>>> print(open('model-v5.txt').read())   # compact mmCIF, C-alpha atoms and all ligand atoms
# COMPACT_ATOMS: atom_id res chain seq x y z
CA MET H 255 -2.68 67.50 -89.04
CA ARG H 256 -1.56 64.67 -86.83
CA ALA H 257 1.36 62.51 -87.92
CA MET H 258 3.76 59.98 -86.43
CA VAL H 259 7.21 61.49 -86.99
CA LEU H 260 10.63 59.82 -86.93
CA GLY H 261 13.46 62.05 -85.69
CA ALA H 262 16.49 59.88 -85.03
CA PRO H 263 16.26 56.15 -85.90
CA ALA H 264 16.28 53.81 -82.90
CA PRO H 265 15.20 50.25 -82.02
CA ILE H 266 11.42 50.08 -82.25
CA GLU H 267 11.22 48.95 -78.62
CA GLU H 268 12.28 52.52 -77.72
CA HIS H 269 9.25 53.91 -79.61
CA PRO H 270 11.16 56.33 -81.86
CA LEU H 271 7.99 57.62 -83.60
CA ARG H 272 6.39 60.64 -81.93
CA LEU H 273 2.88 61.99 -82.42
CA GLU H 274 3.18 65.56 -83.71
CA GLU H 275 0.90 68.26 -85.03
CA LEU H 276 2.32 69.30 -88.42
CA ALA H 277 1.26 71.99 -90.89
CA PRO H 278 -0.80 70.36 -93.65
CA PRO H 279 1.28 69.77 -96.81
CA ARG H 280 0.48 71.84 -99.91
CA GLU H 281 0.12 70.08 -103.24
CA GLY H 282 2.31 71.26 -106.13
CA PRO H 283 0.84 71.89 -109.61
CA GLY H 284 1.27 68.23 -110.65
CA GLU H 285 0.34 66.75 -107.28
CA ILE H 286 -2.76 65.64 -105.42
CA LEU H 287 -3.50 66.16 -101.73
CA VAL H 288 -4.87 62.98 -100.16
CA ALA H 289 -6.72 62.41 -96.88
CA VAL H 290 -5.29 59.14 -95.57
CA GLU H 291 -7.86 56.51 -94.61
CA HIS H 292 -5.46 53.66 -93.91
CA CYS H 293 -1.73 53.08 -94.18
CA GLY H 294 -0.18 49.63 -94.11
CA VAL H 295 2.82 48.88 -91.90
CA CYS H 296 5.58 47.42 -94.06
CA ARG H 297 8.86 45.83 -93.00
CA THR H 298 10.64 48.57 -94.93
CA ASP H 299 9.14 51.07 -92.46
CA LEU H 300 10.84 49.08 -89.71
CA HIS H 301 14.16 49.34 -91.60
CA VAL H 302 13.64 53.12 -91.91
CA VAL H 303 12.65 53.57 -88.26
CA GLU H 304 15.48 51.42 -86.90
CA GLY H 305 18.09 52.93 -89.23
CA ASP H 306 18.93 49.83 -91.31
CA LEU H 307 18.27 52.23 -94.19
CA PRO H 308 20.30 55.43 -93.66
CA PRO H 309 18.18 58.56 -92.95
CA ARG H 310 17.54 60.67 -96.05
CA ARG H 311 16.08 63.72 -94.25
CA PRO H 312 16.29 65.14 -90.72
CA ALA H 313 12.78 63.92 -89.86
CA VAL H 314 10.30 61.84 -91.80
CA VAL H 315 6.78 60.49 -91.58
CA PRO H 316 7.00 56.80 -92.63
CA GLY H 317 4.34 54.83 -94.47
CA HIS H 318 3.98 53.84 -98.13
CA GLU H 319 0.91 51.61 -98.32
CA ILE H 320 -1.56 54.47 -98.41
CA VAL H 321 -5.27 54.30 -99.17
CA GLY H 322 -7.10 57.62 -99.11
CA ARG H 323 -9.27 60.13 -100.91
CA VAL H 324 -8.29 63.08 -103.03
CA VAL H 325 -8.95 66.32 -101.15
CA ARG H 326 -7.57 68.72 -103.76
CA VAL H 327 -5.79 68.47 -107.11
CA GLY H 328 -2.94 70.70 -108.32
CA SER H 329 -3.56 73.12 -111.19
CA GLU H 330 -2.02 70.78 -113.79
CA VAL H 331 -3.75 67.56 -112.70
CA ARG H 332 -6.44 66.25 -115.08
CA THR H 333 -6.44 62.56 -114.09
CA TYR H 334 -8.00 62.79 -110.61
CA ALA H 335 -10.93 64.61 -109.05
CA GLU H 336 -11.85 65.50 -105.50
CA GLY H 337 -13.33 62.56 -103.57
CA GLN H 338 -11.74 59.86 -105.70
CA ARG H 339 -10.13 56.97 -103.87
CA VAL H 340 -6.43 56.47 -104.56
CA GLY H 341 -3.52 54.32 -103.47
CA ILE H 342 0.03 55.60 -102.95
CA PRO H 343 2.94 53.12 -102.99
CA TRP H 344 6.68 53.28 -102.24
CA LEU H 345 7.90 54.59 -105.61
CA ARG H 346 7.00 58.29 -105.85
CA PHE H 347 9.34 59.71 -108.52
CA THR H 348 11.62 58.55 -111.31
CA CYS H 349 13.65 60.83 -113.59
CA GLY H 350 12.40 59.47 -116.92
CA ALA H 351 15.76 60.21 -118.56
CA CYS H 352 18.42 57.84 -117.18
CA GLU H 353 19.46 54.56 -118.82
CA TYR H 354 17.13 52.60 -116.52
CA CYS H 355 14.10 54.80 -117.04
CA ARG H 356 14.63 54.70 -120.81
CA SER H 357 14.66 50.89 -120.80
CA ALA H 358 11.46 50.17 -118.83
CA ARG H 359 13.43 49.67 -115.60
CA GLU H 360 12.37 52.76 -113.69
CA ASN H 361 12.55 50.72 -110.47
CA LEU H 362 16.35 51.06 -110.80
CA CYS H 363 16.37 54.82 -111.54
CA ASP H 364 19.32 56.52 -109.83
CA ARG H 365 17.20 59.54 -108.92
CA LYS H 366 14.08 57.80 -107.67
CA GLU H 367 12.28 58.99 -104.58
CA TYR H 368 10.28 57.05 -102.02
CA THR H 369 7.12 57.75 -100.08
CA GLY H 370 7.74 57.60 -96.35
CA TYR H 371 11.52 57.75 -96.73
CA THR H 372 12.76 60.58 -98.97
CA ALA H 373 9.38 62.32 -98.56
CA ASN H 374 6.71 62.23 -95.86
CA GLY H 375 4.37 59.25 -96.05
CA GLY H 376 1.12 57.90 -94.74
CA TYR H 377 1.51 57.61 -90.96
CA SER H 378 -0.41 60.85 -91.13
CA GLU H 379 -3.80 62.40 -91.81
CA LEU H 380 -2.75 64.09 -95.07
CA VAL H 381 -0.15 63.40 -97.74
CA THR H 382 0.77 64.70 -101.21
CA VAL H 383 1.99 62.79 -104.25
CA ARG H 384 2.56 63.43 -107.95
CA ALA H 385 -0.60 62.34 -109.72
CA GLU H 386 1.18 59.92 -112.08
CA TYR H 387 2.57 57.92 -109.13
CA ALA H 388 -0.84 57.30 -107.53
CA PHE H 389 -3.30 54.60 -108.55
CA PRO H 390 -7.11 54.52 -108.60
CA MET H 391 -8.44 52.14 -105.94
CA PRO H 392 -11.80 50.37 -105.67
CA GLU H 393 -14.50 51.22 -103.13
CA GLY H 394 -15.26 48.96 -100.14
CA PRO H 395 -13.38 48.57 -96.85
CA GLY H 396 -10.09 50.50 -97.03
CA ALA H 397 -7.89 48.58 -94.58
CA PRO H 398 -7.58 45.38 -96.67
CA LEU H 399 -6.51 47.45 -99.69
CA ALA H 400 -3.49 48.99 -97.95
CA PRO H 401 -1.15 45.94 -97.97
CA LEU H 402 -1.70 45.53 -101.70
CA LEU H 403 0.30 48.73 -102.29
CA CYS H 404 3.72 47.43 -101.23
CA ALA H 405 3.54 43.97 -99.70
CA GLY H 406 1.40 43.00 -102.68
CA ILE H 407 3.23 44.80 -105.49
CA ILE H 408 6.77 43.92 -104.36
CA GLY H 409 5.76 40.33 -103.63
CA PHE H 410 4.34 40.17 -107.15
CA ARG H 411 7.57 41.45 -108.69
CA ALA H 412 9.56 38.91 -106.66
CA LEU H 413 7.14 36.15 -107.64
CA LYS H 414 7.50 36.96 -111.34
CA PHE H 415 11.25 36.30 -111.10
CA ALA H 416 10.73 33.03 -109.23
CA LEU H 417 7.90 31.45 -111.23
CA PRO H 418 9.01 28.47 -113.34
CA PRO H 419 8.10 28.56 -117.06
CA SER H 420 5.04 26.34 -116.78
CA GLU H 421 3.65 24.42 -113.83
CA GLY H 422 5.62 23.57 -110.70
CA ARG H 423 6.10 24.11 -106.98
CA VAL H 424 6.98 27.52 -105.62
CA GLY H 425 8.34 28.06 -102.09
CA PHE H 426 7.59 31.06 -99.87
CA PHE H 427 10.23 31.51 -97.16
CA GLY H 428 8.80 33.64 -94.35
CA PHE H 429 5.05 34.10 -94.35
CA GLY H 430 4.04 37.66 -93.49
CA GLY H 431 2.09 40.39 -95.23
CA SER H 432 3.79 40.05 -98.58
CA ALA H 433 3.92 36.25 -98.83
CA HIS H 434 0.27 35.81 -97.87
CA LEU H 435 -0.76 37.73 -100.99
CA ALA H 436 1.90 36.28 -103.34
CA LEU H 437 1.01 32.70 -102.37
CA GLN H 438 -2.66 33.22 -103.26
CA LEU H 439 -1.68 34.74 -106.58
CA ALA H 440 0.66 31.84 -107.42
CA ALA H 441 -2.13 29.38 -106.61
CA HIS H 442 -4.54 31.25 -108.90
CA LEU H 443 -1.92 31.11 -111.66
CA GLY H 444 -1.89 27.31 -111.34
CA TYR H 445 1.24 26.68 -109.28
CA GLU H 446 1.64 24.44 -106.25
CA THR H 447 2.69 26.47 -103.22
CA VAL H 448 4.77 25.66 -100.16
CA ALA H 449 5.00 28.02 -97.18
CA TYR H 450 8.08 27.87 -94.92
CA SER H 451 7.99 29.59 -91.54
CA ARG H 452 9.12 29.10 -87.95
CA ASN H 453 5.82 30.64 -86.81
CA PRO H 454 3.01 28.03 -86.39
CA SER H 455 0.32 30.71 -86.58
CA HIS H 456 1.69 32.00 -89.91
CA LEU H 457 1.70 28.44 -91.25
CA ALA H 458 -1.90 27.95 -90.15
CA LEU H 459 -2.82 31.05 -92.17
CA ALA H 460 -0.91 29.70 -95.19
CA HIS H 461 -2.85 26.47 -94.91
CA ARG H 462 -6.17 28.32 -94.72
CA LEU H 463 -5.24 30.41 -97.77
CA GLY H 464 -4.73 27.27 -99.82
CA ALA H 465 -1.03 26.42 -99.55
CA THR H 466 -0.34 23.00 -101.06
CA ASP H 467 2.12 22.32 -98.22
CA THR H 468 3.52 24.03 -95.15
CA VAL H 469 6.94 23.42 -93.60
CA ALA H 470 7.89 24.39 -90.05
CA THR H 471 11.46 25.70 -89.89
CA SER H 472 11.78 26.19 -86.15
CA GLY H 473 14.45 24.46 -84.16
CA PRO H 474 17.95 23.62 -85.39
CA ARG H 475 18.59 24.27 -89.07
CA ALA H 476 19.53 20.62 -89.57
CA GLU H 477 16.45 19.59 -91.52
CA THR H 478 17.42 20.34 -95.08
CA PRO H 479 14.38 20.58 -97.34
CA ALA H 480 14.60 18.20 -100.27
CA ARG H 481 15.26 19.43 -103.80
CA SER H 482 11.60 19.80 -104.56
CA LEU H 483 10.92 23.41 -105.58
CA ASP H 484 10.86 24.92 -109.07
CA GLY H 485 11.22 28.46 -107.73
CA ALA H 486 11.31 30.29 -104.40
CA VAL H 487 10.86 33.73 -102.91
CA VAL H 488 12.66 34.72 -99.71
CA PHE H 489 10.57 37.16 -97.69
CA ALA H 490 12.35 36.81 -94.33
CA PRO H 491 15.04 39.52 -93.97
CA ALA H 492 17.56 36.89 -92.87
CA GLY H 493 20.56 35.88 -94.99
CA PRO H 494 20.72 32.25 -93.77
CA VAL H 495 17.21 31.69 -95.14
CA VAL H 496 18.60 32.32 -98.63
CA LEU H 497 20.72 29.18 -98.20
CA ASP H 498 17.64 27.23 -97.13
CA ALA H 499 15.89 28.34 -100.28
CA LEU H 500 18.85 27.50 -102.53
CA THR H 501 19.02 24.08 -100.88
CA ALA H 502 15.35 23.49 -101.58
CA VAL H 503 15.25 24.36 -105.29
CA LYS H 504 15.87 22.14 -108.30
CA LYS H 505 18.25 22.85 -111.20
CA GLY H 506 17.30 25.87 -113.30
CA ALA H 507 15.21 27.44 -110.55
CA THR H 508 15.32 31.07 -109.47
CA VAL H 509 15.40 32.23 -105.85
CA SER H 510 14.31 35.86 -105.57
CA ILE H 511 14.77 38.00 -102.46
CA ALA H 512 11.86 40.34 -101.72
CA SER H 513 13.66 42.33 -99.00
CA ILE H 514 15.13 45.83 -99.25
CA HIS H 515 17.51 44.90 -96.43
CA LEU H 516 18.93 41.50 -95.48
CA SER H 517 21.31 40.27 -92.80
CA PRO H 518 24.52 38.83 -94.35
CA ILE H 519 24.18 35.66 -96.43
CA PRO H 520 26.64 33.00 -95.18
CA ALA H 521 29.16 31.66 -97.70
CA ILE H 522 27.44 30.02 -100.65
CA ASP H 523 28.82 26.63 -101.68
CA TYR H 524 28.78 27.16 -105.45
CA ASP H 525 29.10 23.48 -106.40
CA ARG H 526 26.25 22.40 -104.15
CA LEU H 527 23.90 25.39 -104.00
CA LEU H 528 24.26 27.46 -107.18
CA PHE H 529 25.61 25.21 -109.92
CA GLY H 530 22.92 23.69 -112.10
CA GLU H 531 21.89 27.12 -113.39
CA ARG H 532 20.19 28.09 -110.17
CA ARG H 533 19.74 31.85 -110.06
CA LEU H 534 19.71 34.23 -107.11
CA VAL H 535 18.20 37.66 -107.69
CA SER H 536 17.32 40.64 -105.52
CA VAL H 537 14.23 42.76 -106.06
CA GLU H 538 14.48 46.53 -105.97
CA SER H 539 11.30 48.57 -105.65
CA ASN H 540 8.81 48.22 -108.51
CA THR H 541 7.81 49.82 -111.76
CA ARG H 542 4.45 51.52 -112.13
CA GLU H 543 3.60 48.79 -114.63
CA ASP H 544 4.13 46.18 -111.86
CA ALA H 545 1.69 48.14 -109.71
CA ARG H 546 -0.99 48.37 -112.39
CA GLU H 547 -0.61 44.68 -113.25
CA PHE H 548 -0.79 43.53 -109.64
CA LEU H 549 -3.68 45.77 -108.56
CA ASP H 550 -5.61 44.42 -111.54
CA LEU H 551 -4.81 40.79 -110.64
CA ALA H 552 -5.68 41.38 -106.98
CA GLN H 553 -9.17 42.48 -107.99
CA ARG H 554 -9.64 39.82 -110.64
CA TYR H 555 -8.73 36.98 -108.26
CA ARG H 556 -10.20 38.70 -105.20
CA LEU H 557 -7.04 38.13 -103.18
CA GLU H 558 -7.83 37.96 -99.48
CA SER H 559 -5.91 40.54 -97.51
CA VAL H 560 -5.68 39.52 -93.84
CA VAL H 561 -5.22 42.62 -91.68
CA THR H 562 -5.02 43.72 -88.06
CA VAL H 563 -5.99 47.39 -87.71
CA ARG H 564 -4.39 49.71 -85.14
CA PRO H 565 -5.00 53.44 -84.57
CA LEU H 566 -2.42 55.83 -86.03
CA VAL H 567 -1.06 56.71 -82.59
CA GLN H 568 -0.06 53.06 -82.06
CA ALA H 569 2.39 53.02 -84.98
CA ASN H 570 5.30 52.11 -82.67
CA GLU H 571 3.38 49.19 -81.20
CA ALA H 572 2.29 48.07 -84.68
CA LEU H 573 5.90 48.04 -85.92
CA ALA H 574 6.99 46.15 -82.81
CA GLU H 575 4.30 43.55 -83.50
CA LEU H 576 5.54 43.21 -87.06
CA LYS H 577 9.12 42.75 -85.82
CA ARG H 578 8.06 40.03 -83.39
CA GLY H 579 5.94 38.27 -86.01
CA ALA H 580 3.04 38.67 -83.62
CA VAL H 581 0.36 39.19 -86.26
CA ASP H 582 -0.90 37.01 -89.09
CA GLY H 583 -0.97 38.74 -92.47
CA ALA H 584 -0.47 42.52 -92.34
CA VAL H 585 -0.83 45.35 -89.82
CA VAL H 586 -2.63 48.49 -90.98
CA LEU H 587 -2.97 51.89 -89.31
CA ASP H 588 -6.33 53.67 -89.22
CA CYS H 589 -5.41 57.26 -90.01
CA GLY H 590 -8.80 58.69 -89.22
CA ASN H 591 -10.31 59.56 -92.60
CA GLY H 592 -12.09 56.30 -93.42
CA ARG H 593 -15.82 56.35 -94.14
CA SER H 594 -16.08 52.58 -93.99
CA ALA H 595 -14.35 49.84 -92.00
ZN ZN P 601 15.73 57.52 -114.09
ZN ZN P 602 6.97 48.34 -98.36
>>> encode(input="model-v5.txt", output="structure tokens")
Amino acid sequence: MRAMVLGAPAPIEEHPLRLEELAPPREGPGEILVAVEHCGVCRTDLHVVEGDLPPRRPAVVPGHEIVGRVVRVGSEVRTYAEGQRVGIPWLRFTCGACEYCRSARENLCDRKEYTGYTANGGYSELVTVRAEYAFPMPEGPGAPLAPLLCAGIIGFRALKFALPPSEGRVGFFGFGGSAHLALQLAAHLGYETVAYSRNPSHLALAHRLGATDTVATSGPRAETPARSLDGAVVFAPAGPVVLDALTAVKKGATVSIASIHLSPIPAIDYDRLLFGERRLVSVESNTREDAREFLDLAQRYRLESVVTVRPLVQANEALAELKRGAVDGAVVLDCGNGRSA
């Protein structure tokens, strides 16, 4: 099977992913073998490829927003059948026994494993996963489903932290693949939404998707947003943006950070930016319950997933586009097994 393989991490401009012909993986007794239709390109993949996240194996196939079809099920699998469409996200194993797993916080499990990081992922024609960490997916075009599986689920978890108790205004700092889904969801849940970005094209998309307001953040950082938000999610992987968000929120609001990796946050002026029971919280991975909840909401509200599709062999170019902010919404790789779209 063909796959885009990362040997040593390097800046994406050096195209560190190489097309290789690998032996097809074999499913274990509790696993399913999946033919990958589409795999979304997530910012976490960029952190893996560029080495912001330390390598966990000598070589890895990235990709954890996988939409595909079951090719074969392991001998112990009763929940899936050949031909069924499934989605595979980032979280691929938790121990079930540690203090976090036993308290409904499997996203914090010390022994958890990740698709496309500790195990080979979806920049590939075939992939395996334990059946209980995959999710049934609806029929229809596959590419728009891919970003739901990480951008969507993680954005949802971050949004849950940031939502005020009842109505209010929620800010989205950085408007890429994750924010464009979270903003629609917040609007459906009855909140006002404000998108912040330095990218005019991203703001135009936010406007089209129903943002109550959009705020351009390009130029000098002088323009301090007023204390107008009841909650905020930081999607941009840039520490200084956290200060912008803290500056923009009212007393009692939560700012959640949806990034797995962030550049350093400058010194926080406690009296001015945190006092008043403002909260700052990071988001680590997701529970399977988050995934089920979000995939259900995405269908119920028919969230619009805006995607640009590239062939598998252009994974380096796709990641470079993501890094430059050159696409609106999400980038998705066509891994060759799609029957539609
Ligand atoms: Zn655990
Ligand atoms: Zn991701």
>>> residues_near_ligand(input="model-v5.txt", ligand="ligand ZN 601 (chain P)", cutoff="8 Å", atoms="all atoms listed in the file", output="PyMOL selection string")
chain H and resi 348-356+360+362-366
>>> residues_near_ligand(input="model-v5.txt", ligand="ligand ZN 602 (chain P)", cutoff="7 Å", atoms="only C-alpha atoms and all ligand atoms", output="list in words")
Cys296, Arg297, Thr298, Asp299, His318, Glu319, Trp344, Cys404 and Ala405 of chain H
>>> residues_around(input="model-v5.txt", residues="H:Ala264", least_positions_apart="2", cutoff="7 Å", atoms="all atoms listed in the file", output="short mmCIF file (atom, residue, chain, number, x, y, z; two decimals) with C-alpha atoms, keeping the file's coordinate frame")
data_model
loop_
_atom_site.label_atom_id
_atom_site.label_comp_id
_atom_site.auth_asym_id
_atom_site.auth_seq_id
_atom_site.Cartn_x
_atom_site.Cartn_y
_atom_site.Cartn_z
CA ALA H 262 16.49 59.88 -85.03
CA ILE H 266 11.42 50.08 -82.25
CA GLU H 268 12.28 52.52 -77.72
CA PRO H 270 11.16 56.33 -81.86
CA VAL H 303 12.65 53.57 -88.26
CA GLU H 304 15.48 51.42 -86.90
CA GLY H 305 18.09 52.93 -89.23
#
>>> closest_residue(input="model-v5.txt", among="H:Tyr555, H:Tyr524, H:Phe489, H:Tyr387", to="H:Tyr334", atoms="all atoms listed in the file")
H:Tyr387
>>> residues_around(input="model-v5.txt", residues="H:Ala499", least_positions_apart="4", cutoff="7 Å", atoms="only C-alpha atoms", output="count of residues only")
4
>>> atom_distance(input="model-v5.txt", atom1="atom CA of H:Ile514", atom2="atom CA of H:Gly370")
14.2 Å
>>> atom_distance(input="model-v5.txt", atom1="atom CA of H:Leu443", atom2="atom CA of H:Arg533")
21.7 Å
>>> residues_around(input="model-v5.txt", residues="H:Arg526", least_positions_apart="6", cutoff="12 Å", atoms="all atoms listed in the file", output="compact mmCIF listing (two decimals) with C-alpha atoms, in the coordinates of the input")
# COMPACT_ATOMS: atom_id res chain seq x y z
CA ARG H 481 15.26 19.43 -103.80
CA LEU H 497 20.72 29.18 -98.20
CA LEU H 500 18.85 27.50 -102.53
CA THR H 501 19.02 24.08 -100.88
CA ALA H 502 15.35 23.49 -101.58
CA VAL H 503 15.25 24.36 -105.29
CA LYS H 504 15.87 22.14 -108.30
CA LYS H 505 18.25 22.85 -111.20
CA ARG H 532 20.19 28.09 -110.17
>>> residues_near_point(input="model-v5.txt", point="(2.0, 60.4, -90.5)", cutoff="12 Å", atoms="only C-alpha atoms", output="PyMOL selection string")
chain H and resi 255-260+271-279+289-295+299+313-320+369-371+373-382+565-570+587-590
>>> atom_distance(input="model-v5.txt", atom1="atom CA of H:Gly493", atom2="atom CA of H:Pro263")
22.6 Å
>>> closest_residue(input="model-v5.txt", among="H:Ala574, H:Val321, H:Leu403, H:Leu287", to="H:Ser539", atoms="only C-alpha atoms")
H:Leu403
>>> closest_residue(input="model-v5.txt", among="H:Glu281, H:Glu558, H:Glu543, H:Asp550", to="H:Leu345", atoms="all atoms listed in the file")
H:Glu543
>>> residues_around(input="model-v5.txt", residues="H:Phe389", least_positions_apart="3", cutoff="9 Å", atoms="all atoms listed in the file", output="PyMOL selection string")
chain H and resi 339-343+385-386+545-546+549
>>> closest_residue(input="model-v5.txt", among="H:Asn591, H:Ser536, H:Thr468, H:Thr541", to="H:Val496", atoms="all atoms listed in the file")
H:Ser536
>>> closest_residue(input="model-v5.txt", among="H:Leu307, H:Gly583, H:Arg556, H:Ile522", to="H:Ala433", atoms="all atoms listed in the file")
H:Gly583
>>> axis_aligned_box(input="model-v5.txt", around="stretch 452-468 of chain H", padding_each_side="4 Å", output="AutoDock Vina command-line options")
--center_x 1.5 --center_y 27.2 --center_z -93.7 --size_x 23.3 --size_y 17.7 --size_z 22.7
>>> closest_residue(input="model-v5.txt", among="H:Ala584, H:Ala436, H:Phe548, H:Arg310", to="H:Pro401", atoms="all atoms listed in the file")
H:Ala584
